[in-house]
Amino acid sequence: MSEQEAIGEAVARTVRALRAGHGWSLDELAGRAGVSKGVLVGLEQGRGNPNLGTLIRISDALGVPLTRLVQVEEEPPVRMFRPERHVVLWEGEHGGTGTLLAGSDPRPSLELWHWVLLPGETRESDAHVPGTKEIVYVQQGTLTLGVDGRTDLVERGAAAVFVGDRPHSYGNAGKDEVHFVLAVLDL
């Protein structure tokens with residue numbers, strides 16, 4: 001296979017996957033990118049030779065850099081995030097932590113977090129981008145979950161799904177530590 005054929009296949013595979021990830025039809029992506037549906041069909045089938053301007057319009061519409069479209073190396077089916085790659089991104093005033101365990105890219109992206117809240121700690125979060133969803137699963141203690149002015153208690157062993165595109169908070173109003181896993185889907 002020639003280098004040009006390999007790039008054509010990479011572009012086809014990537015555009016198909018990103019378009020499907022957005023939940024867009026060929027017509028919708030064509031409209032957003034300002035290209036014809038025929039150009040997209042050919043591109044997704046690995047046919048044709050789109051010019052640079054077309055590829056830039058498509059990458060802009062998909063919200064990814066042009067380099068993402070032409071990467072010949074396919075992303076491996078499994079990406080490992082070993083413990084040394086986990087990053088503590090929040091530290092509470094009493095020693096609690098919010099640790100990012102893993103994340104995907106590009107959008108839609110998914111993040112996996114492990115949180116520990118010590119008694120009296122609260123993590124306030126601004127609203128994320130429209131359409132963001134979050135899921136918490138409480139492993140220990142009782143989480144006080146605040147979403148857009150509403151407060152719910154999520155007990156050990158329970159899970160809650162909520163909108164992340166409104167102001168929200170995670171709190172520990174109890175006497176014991178709260179441990180929970182959080183998944184964030186950023187559409």
# chains A, B, ... in the order shown; residues from 1 in each chain; ligands from 1
$ residues_around --residues "stretch 156-162 of chain A" --least-positions-apart "2" --cutoff "7 Å" --atoms "only C-alpha atoms" --output "list in words"
Lys133, Glu134, Ile135, Val136, Tyr137, Val138, Gln139, Gln140, Gly141, Thr142, Val154 and Gly164 of chain A
$ residues_around --residues "A:Val87" --least-positions-apart "4" --cutoff "9 Å" --atoms "only C-alpha atoms" --output "list of chain:residue names"
A:Pro83, A:Gly98, A:Thr99, A:Leu100, A:Leu101, A:Ala102
$ write_last_selection --atoms "N, CA, C and O atoms" --output "PDB file, in the first residue's frame"
ATOM      1  N   PRO A  83      -1.001   3.480  37.210  1.00  0.00           N
ATOM      2  CA  PRO A  83      -1.122   4.362  38.378  1.00  0.00           C
ATOM      3  C   PRO A  83      -0.215   5.588  38.345  1.00  0.00           C
ATOM      4  O   PRO A  83      -0.617   6.659  38.787  1.00  0.00           O
ATOM      5  N   GLY A  98      -9.280  14.625  44.351  1.00  0.00           N
ATOM      6  CA  GLY A  98      -9.977  14.288  43.115  1.00  0.00           C
ATOM      7  C   GLY A  98      -8.922  13.870  42.117  1.00  0.00           C
ATOM      8  O   GLY A  98      -8.095  14.689  41.706  1.00  0.00           O
ATOM      9  N   THR A  99      -8.910  12.593  41.751  1.00  0.00           N
ATOM     10  CA  THR A  99      -7.852  12.034  40.913  1.00  0.00           C
ATOM     11  C   THR A  99      -8.397  11.615  39.565  1.00  0.00           C
ATOM     12  O   THR A  99      -9.316  10.791  39.488  1.00  0.00           O
ATOM     13  N   LEU A 100      -7.843  12.182  38.492  1.00  0.00           N
ATOM     14  CA  LEU A 100      -8.208  11.784  37.139  1.00  0.00           C
ATOM     15  C   LEU A 100      -7.478  10.484  36.826  1.00  0.00           C
ATOM     16  O   LEU A 100      -6.255  10.437  36.802  1.00  0.00           O
ATOM     17  N   LEU A 101      -8.260   9.419  36.612  1.00  0.00           N
ATOM     18  CA  LEU A 101      -7.677   8.102  36.353  1.00  0.00           C
ATOM     19  C   LEU A 101      -7.400   7.869  34.876  1.00  0.00           C
ATOM     20  O   LEU A 101      -6.406   7.251  34.514  1.00  0.00           O
ATOM     21  N   ALA A 102      -8.310   8.328  34.018  1.00  0.00           N
ATOM     22  CA  ALA A 102      -8.166   8.096  32.582  1.00  0.00           C
ATOM     23  C   ALA A 102      -9.113   9.014  31.849  1.00  0.00           C
ATOM     24  O   ALA A 102     -10.102   9.490  32.406  1.00  0.00           O
TER      25      ALA A 102
END
$ closest_residue --among "A:Asp60, A:Asp27, A:Glu84, A:Glu44" --to "A:Ala10" --atoms "only C-alpha atoms"
A:Glu44
$ residues_around --residues "A:Arg123" --least-positions-apart "3" --cutoff "7 Å" --atoms "only C-alpha atoms" --output "mmCIF file with N, CA, C and O atoms, in the first residue's frame"
data_model
loop_
_atom_site.group_PDB
_atom_site.id
_atom_site.type_symbol
_atom_site.label_atom_id
_atom_site.label_comp_id
_atom_site.auth_asym_id
_atom_site.auth_seq_id
_atom_site.Cartn_x
_atom_site.Cartn_y
_atom_site.Cartn_z
ATOM 1 N N SER A 169 -22.110 20.314 42.715
ATOM 2 C CA SER A 169 -21.110 20.148 43.778
ATOM 3 C C SER A 169 -21.174 18.738 44.332
ATOM 4 O O SER A 169 -22.188 18.050 44.245
ATOM 5 N N TYR A 170 -20.044 18.323 44.900
ATOM 6 C CA TYR A 170 -19.918 17.045 45.594
ATOM 7 C C TYR A 170 -19.507 17.395 47.012
ATOM 8 O O TYR A 170 -18.525 18.119 47.200
ATOM 9 N N GLY A 171 -20.221 16.900 48.004
ATOM 10 C CA GLY A 171 -19.901 17.269 49.367
ATOM 11 C C GLY A 171 -19.967 16.108 50.334
ATOM 12 O O GLY A 171 -20.595 15.079 50.076
#
$ residues_around --residues "A:Ala30" --least-positions-apart "3" --cutoff "10 Å" --atoms "only C-alpha atoms" --output "number ranges by chain"
A: 24-27, 33-41, 57-58, 61
$ write_last_selection --atoms "N, CA and C atoms" --output "compact mmCIF listing (two decimals), in the first residue's frame"
# COMPACT_ATOMS: atom_id res chain seq x y z
N TRP A 24 -23.82 12.36 13.95
CA TRP A 24 -24.21 13.15 12.79
C TRP A 24 -24.38 12.27 11.56
N SER A 25 -25.33 12.63 10.73
CA SER A 25 -25.49 12.00 9.42
C SER A 25 -24.46 12.61 8.47
N LEU A 26 -24.33 11.98 7.30
CA LEU A 26 -23.45 12.56 6.28
C LEU A 26 -23.93 13.96 5.90
N ASP A 27 -25.25 14.13 5.78
CA ASP A 27 -25.81 15.45 5.42
C ASP A 27 -25.45 16.49 6.48
N ALA A 33 -19.58 21.42 7.57
CA ALA A 33 -18.25 21.63 6.99
C ALA A 33 -18.29 22.46 5.71
N GLY A 34 -19.47 22.64 5.14
CA GLY A 34 -19.56 23.39 3.89
C GLY A 34 -19.00 22.64 2.70
N VAL A 35 -19.15 21.29 2.71
CA VAL A 35 -18.72 20.47 1.58
C VAL A 35 -19.91 19.64 1.12
N SER A 36 -19.82 19.08 -0.07
CA SER A 36 -20.94 18.30 -0.58
C SER A 36 -20.97 16.92 0.07
N LYS A 37 -22.17 16.35 0.10
CA LYS A 37 -22.33 15.00 0.65
C LYS A 37 -21.52 14.01 -0.18
N GLY A 38 -21.46 14.22 -1.50
CA GLY A 38 -20.69 13.34 -2.38
C GLY A 38 -19.21 13.31 -2.02
N VAL A 39 -18.67 14.47 -1.68
CA VAL A 39 -17.26 14.53 -1.28
C VAL A 39 -17.06 13.69 -0.01
N LEU A 40 -18.00 13.83 0.95
CA LEU A 40 -17.87 13.06 2.20
C LEU A 40 -18.01 11.56 1.96
N VAL A 41 -18.95 11.16 1.11
CA VAL A 41 -19.12 9.74 0.81
C VAL A 41 -17.83 9.18 0.24
N ARG A 57 -11.80 22.23 6.49
CA ARG A 57 -13.21 22.49 6.82
C ARG A 57 -13.82 21.31 7.58
N ILE A 58 -13.49 20.10 7.16
CA ILE A 58 -14.02 18.91 7.83
C ILE A 58 -13.45 18.79 9.25
N ALA A 61 -15.13 21.36 11.46
CA ALA A 61 -16.50 20.97 11.79
C ALA A 61 -16.53 19.87 12.85
$ closest_residue --among "A:Leu52, A:Val147, A:Leu62, A:Phe180" --to "A:Ala17" --atoms "only C-alpha atoms"
A:Leu62
$ select_by_dssp --residues "stretch 136-171 of chain A" --states "strand (DSSP E)" --output "PyMOL selection string"
chain A and resi 136-140+142-147+150-155+159-163+168-171
$ write_last_selection --atoms "N, CA and C atoms" --output "mmCIF file, in the first residue's frame"
data_model
loop_
_atom_site.group_PDB
_atom_site.id
_atom_site.type_symbol
_atom_site.label_atom_id
_atom_site.label_comp_id
_atom_site.auth_asym_id
_atom_site.auth_seq_id
_atom_site.Cartn_x
_atom_site.Cartn_y
_atom_site.Cartn_z
ATOM 1 N N VAL A 136 -22.095 9.274 39.151
ATOM 2 C CA VAL A 136 -21.310 8.988 40.350
ATOM 3 C C VAL A 136 -21.741 7.637 40.910
ATOM 4 N N TYR A 137 -20.773 6.919 41.458
ATOM 5 C CA TYR A 137 -21.034 5.676 42.172
ATOM 6 C C TYR A 137 -20.309 5.792 43.509
ATOM 7 N N VAL A 138 -21.071 5.725 44.608
ATOM 8 C CA VAL A 138 -20.491 5.910 45.935
ATOM 9 C C VAL A 138 -20.021 4.554 46.479
ATOM 10 N N GLN A 139 -18.744 4.498 46.798
ATOM 11 C CA GLN A 139 -18.137 3.280 47.331
ATOM 12 C C GLN A 139 -18.148 3.250 48.853
ATOM 13 N N GLN A 140 -18.111 4.427 49.467
ATOM 14 C CA GLN A 140 -18.044 4.512 50.929
ATOM 15 C C GLN A 140 -18.644 5.834 51.362
ATOM 16 N N THR A 142 -21.664 8.705 52.471
ATOM 17 C CA THR A 142 -22.835 9.283 51.804
ATOM 18 C C THR A 142 -22.423 10.594 51.165
ATOM 19 N N LEU A 143 -22.601 10.683 49.867
ATOM 20 C CA LEU A 143 -22.249 11.867 49.100
ATOM 21 C C LEU A 143 -23.431 12.831 49.072
ATOM 22 N N THR A 144 -23.157 14.101 49.337
ATOM 23 C CA THR A 144 -24.164 15.146 49.156
ATOM 24 C C THR A 144 -23.927 15.743 47.777
ATOM 25 N N LEU A 145 -24.863 15.465 46.870
ATOM 26 C CA LEU A 145 -24.749 15.894 45.483
ATOM 27 C C LEU A 145 -25.665 17.084 45.258
ATOM 28 N N GLY A 146 -25.084 18.192 44.853
ATOM 29 C CA GLY A 146 -25.866 19.386 44.546
ATOM 30 C C GLY A 146 -25.829 19.657 43.056
ATOM 31 N N VAL A 147 -27.011 19.822 42.440
ATOM 32 C CA VAL A 147 -27.081 20.111 41.013
ATOM 33 C C VAL A 147 -28.108 21.212 40.790
ATOM 34 N N ARG A 150 -30.479 21.984 43.610
ATOM 35 C CA ARG A 150 -31.123 20.820 44.216
ATOM 36 C C ARG A 150 -30.055 20.002 44.946
ATOM 37 N N THR A 151 -30.427 19.397 46.082
ATOM 38 C CA THR A 151 -29.488 18.567 46.844
ATOM 39 C C THR A 151 -30.054 17.166 47.000
ATOM 40 N N ASP A 152 -29.214 16.161 46.720
ATOM 41 C CA ASP A 152 -29.587 14.758 46.894
ATOM 42 C C ASP A 152 -28.487 14.048 47.661
ATOM 43 N N LEU A 153 -28.882 13.079 48.482
ATOM 44 C CA LEU A 153 -27.919 12.231 49.179
ATOM 45 C C LEU A 153 -27.768 10.939 48.396
ATOM 46 N N VAL A 154 -26.525 10.582 48.094
ATOM 47 C CA VAL A 154 -26.232 9.348 47.370
ATOM 48 C C VAL A 154 -25.468 8.461 48.344
ATOM 49 N N GLU A 155 -26.117 7.382 48.776
ATOM 50 C CA GLU A 155 -25.532 6.510 49.799
ATOM 51 C C GLU A 155 -24.614 5.459 49.189
ATOM 52 N N ALA A 159 -25.833 4.812 42.810
ATOM 53 C CA ALA A 159 -25.275 5.619 41.724
ATOM 54 C C ALA A 159 -26.292 6.692 41.347
ATOM 55 N N ALA A 160 -25.814 7.760 40.756
ATOM 56 C CA ALA A 160 -26.686 8.831 40.286
ATOM 57 C C ALA A 160 -26.151 9.347 38.956
ATOM 58 N N VAL A 161 -27.059 9.639 38.047
ATOM 59 C CA VAL A 161 -26.732 10.239 36.761
ATOM 60 C C VAL A 161 -27.301 11.649 36.783
ATOM 61 N N PHE A 162 -26.524 12.624 36.351
ATOM 62 C CA PHE A 162 -27.005 14.000 36.378
ATOM 63 C C PHE A 162 -26.379 14.823 35.267
ATOM 64 N N VAL A 163 -26.991 15.977 35.028
ATOM 65 C CA VAL A 163 -26.486 16.891 34.002
ATOM 66 C C VAL A 163 -25.300 17.660 34.571
ATOM 67 N N HIS A 168 -22.746 22.463 39.842
ATOM 68 C CA HIS A 168 -22.966 21.281 40.680
ATOM 69 C C HIS A 168 -21.849 21.164 41.712
ATOM 70 N N SER A 169 -22.110 20.314 42.715
ATOM 71 C CA SER A 169 -21.110 20.148 43.778
ATOM 72 C C SER A 169 -21.174 18.738 44.332
ATOM 73 N N TYR A 170 -20.044 18.323 44.900
ATOM 74 C CA TYR A 170 -19.918 17.045 45.594
ATOM 75 C C TYR A 170 -19.507 17.395 47.012
ATOM 76 N N GLY A 171 -20.221 16.900 48.004
ATOM 77 C CA GLY A 171 -19.901 17.269 49.367
ATOM 78 C C GLY A 171 -19.967 16.108 50.334
#
$ closest_residue --among "A:Thr14, A:Asn172, A:Gln4, A:Thr54" --to "A:Gly120" --atoms "only C-alpha atoms"
A:Asn172
$ closest_residue --among "A:Val72, A:Pro65, A:Gly31, A:Pro50" --to "A:Ala6" --atoms "only C-alpha atoms"
A:Val72
$ atom_distance --atom1 "atom CA of A:Leu18" --atom2 "atom CA of A:Arg82"
26.3 Å
$ decode --residues "stretch 130-154 of chain A" --atoms "N, CA and C atoms" --output "tab-separated table (two decimals), in the first residue's frame"
chain	number	residue	atom	x	y	z
A	130	PRO	N	-22.55	22.50	27.20
A	130	PRO	CA	-23.90	21.95	27.05
A	130	PRO	C	-23.88	20.48	26.62
A	131	GLY	N	-24.74	19.70	27.24
A	131	GLY	CA	-24.87	18.28	26.92
A	131	GLY	C	-24.04	17.35	27.79
A	132	THR	N	-23.17	17.91	28.64
A	132	THR	CA	-22.33	17.08	29.49
A	132	THR	C	-23.18	16.29	30.48
A	133	LYS	N	-22.86	15.01	30.65
A	133	LYS	CA	-23.52	14.14	31.61
A	133	LYS	C	-22.47	13.60	32.57
A	134	GLU	N	-22.90	13.35	33.82
A	134	GLU	CA	-22.00	12.77	34.82
A	134	GLU	C	-22.71	11.62	35.53
A	135	ILE	N	-21.91	10.67	35.97
A	135	ILE	CA	-22.41	9.53	36.75
A	135	ILE	C	-21.49	9.37	37.95
A	136	VAL	N	-22.09	9.27	39.15
A	136	VAL	CA	-21.31	8.99	40.35
A	136	VAL	C	-21.74	7.64	40.91
A	137	TYR	N	-20.77	6.92	41.46
A	137	TYR	CA	-21.03	5.68	42.17
A	137	TYR	C	-20.31	5.79	43.51
A	138	VAL	N	-21.07	5.72	44.61
A	138	VAL	CA	-20.49	5.91	45.93
A	138	VAL	C	-20.02	4.55	46.48
A	139	GLN	N	-18.74	4.50	46.80
A	139	GLN	CA	-18.14	3.28	47.33
A	139	GLN	C	-18.15	3.25	48.85
A	140	GLN	N	-18.11	4.43	49.47
A	140	GLN	CA	-18.04	4.51	50.93
A	140	GLN	C	-18.64	5.83	51.36
A	141	GLY	N	-19.42	5.82	52.44
A	141	GLY	CA	-20.00	7.03	52.99
A	141	GLY	C	-21.26	7.45	52.25
A	142	THR	N	-21.66	8.70	52.47
A	142	THR	CA	-22.83	9.28	51.80
A	142	THR	C	-22.42	10.59	51.16
A	143	LEU	N	-22.60	10.68	49.87
A	143	LEU	CA	-22.25	11.87	49.10
A	143	LEU	C	-23.43	12.83	49.07
A	144	THR	N	-23.16	14.10	49.34
A	144	THR	CA	-24.16	15.15	49.16
A	144	THR	C	-23.93	15.74	47.78
A	145	LEU	N	-24.86	15.47	46.87
A	145	LEU	CA	-24.75	15.89	45.48
A	145	LEU	C	-25.66	17.08	45.26
A	146	GLY	N	-25.08	18.19	44.85
A	146	GLY	CA	-25.87	19.39	44.55
A	146	GLY	C	-25.83	19.66	43.06
A	147	VAL	N	-27.01	19.82	42.44
A	147	VAL	CA	-27.08	20.11	41.01
A	147	VAL	C	-28.11	21.21	40.79
A	148	ASP	N	-27.64	22.36	40.33
A	148	ASP	CA	-28.51	23.46	39.95
A	148	ASP	C	-29.50	23.84	41.06
A	149	GLY	N	-28.99	23.92	42.28
A	149	GLY	CA	-29.82	24.32	43.42
A	149	GLY	C	-30.55	23.18	44.13
A	150	ARG	N	-30.48	21.98	43.61
A	150	ARG	CA	-31.12	20.82	44.22
A	150	ARG	C	-30.06	20.00	44.95
A	151	THR	N	-30.43	19.40	46.08
A	151	THR	CA	-29.49	18.57	46.84
A	151	THR	C	-30.05	17.17	47.00
A	152	ASP	N	-29.21	16.16	46.72
A	152	ASP	CA	-29.59	14.76	46.89
A	152	ASP	C	-28.49	14.05	47.66
A	153	LEU	N	-28.88	13.08	48.48
A	153	LEU	CA	-27.92	12.23	49.18
A	153	LEU	C	-27.77	10.94	48.40
A	154	VAL	N	-26.53	10.58	48.09
A	154	VAL	CA	-26.23	9.35	47.37
A	154	VAL	C	-25.47	8.46	48.34
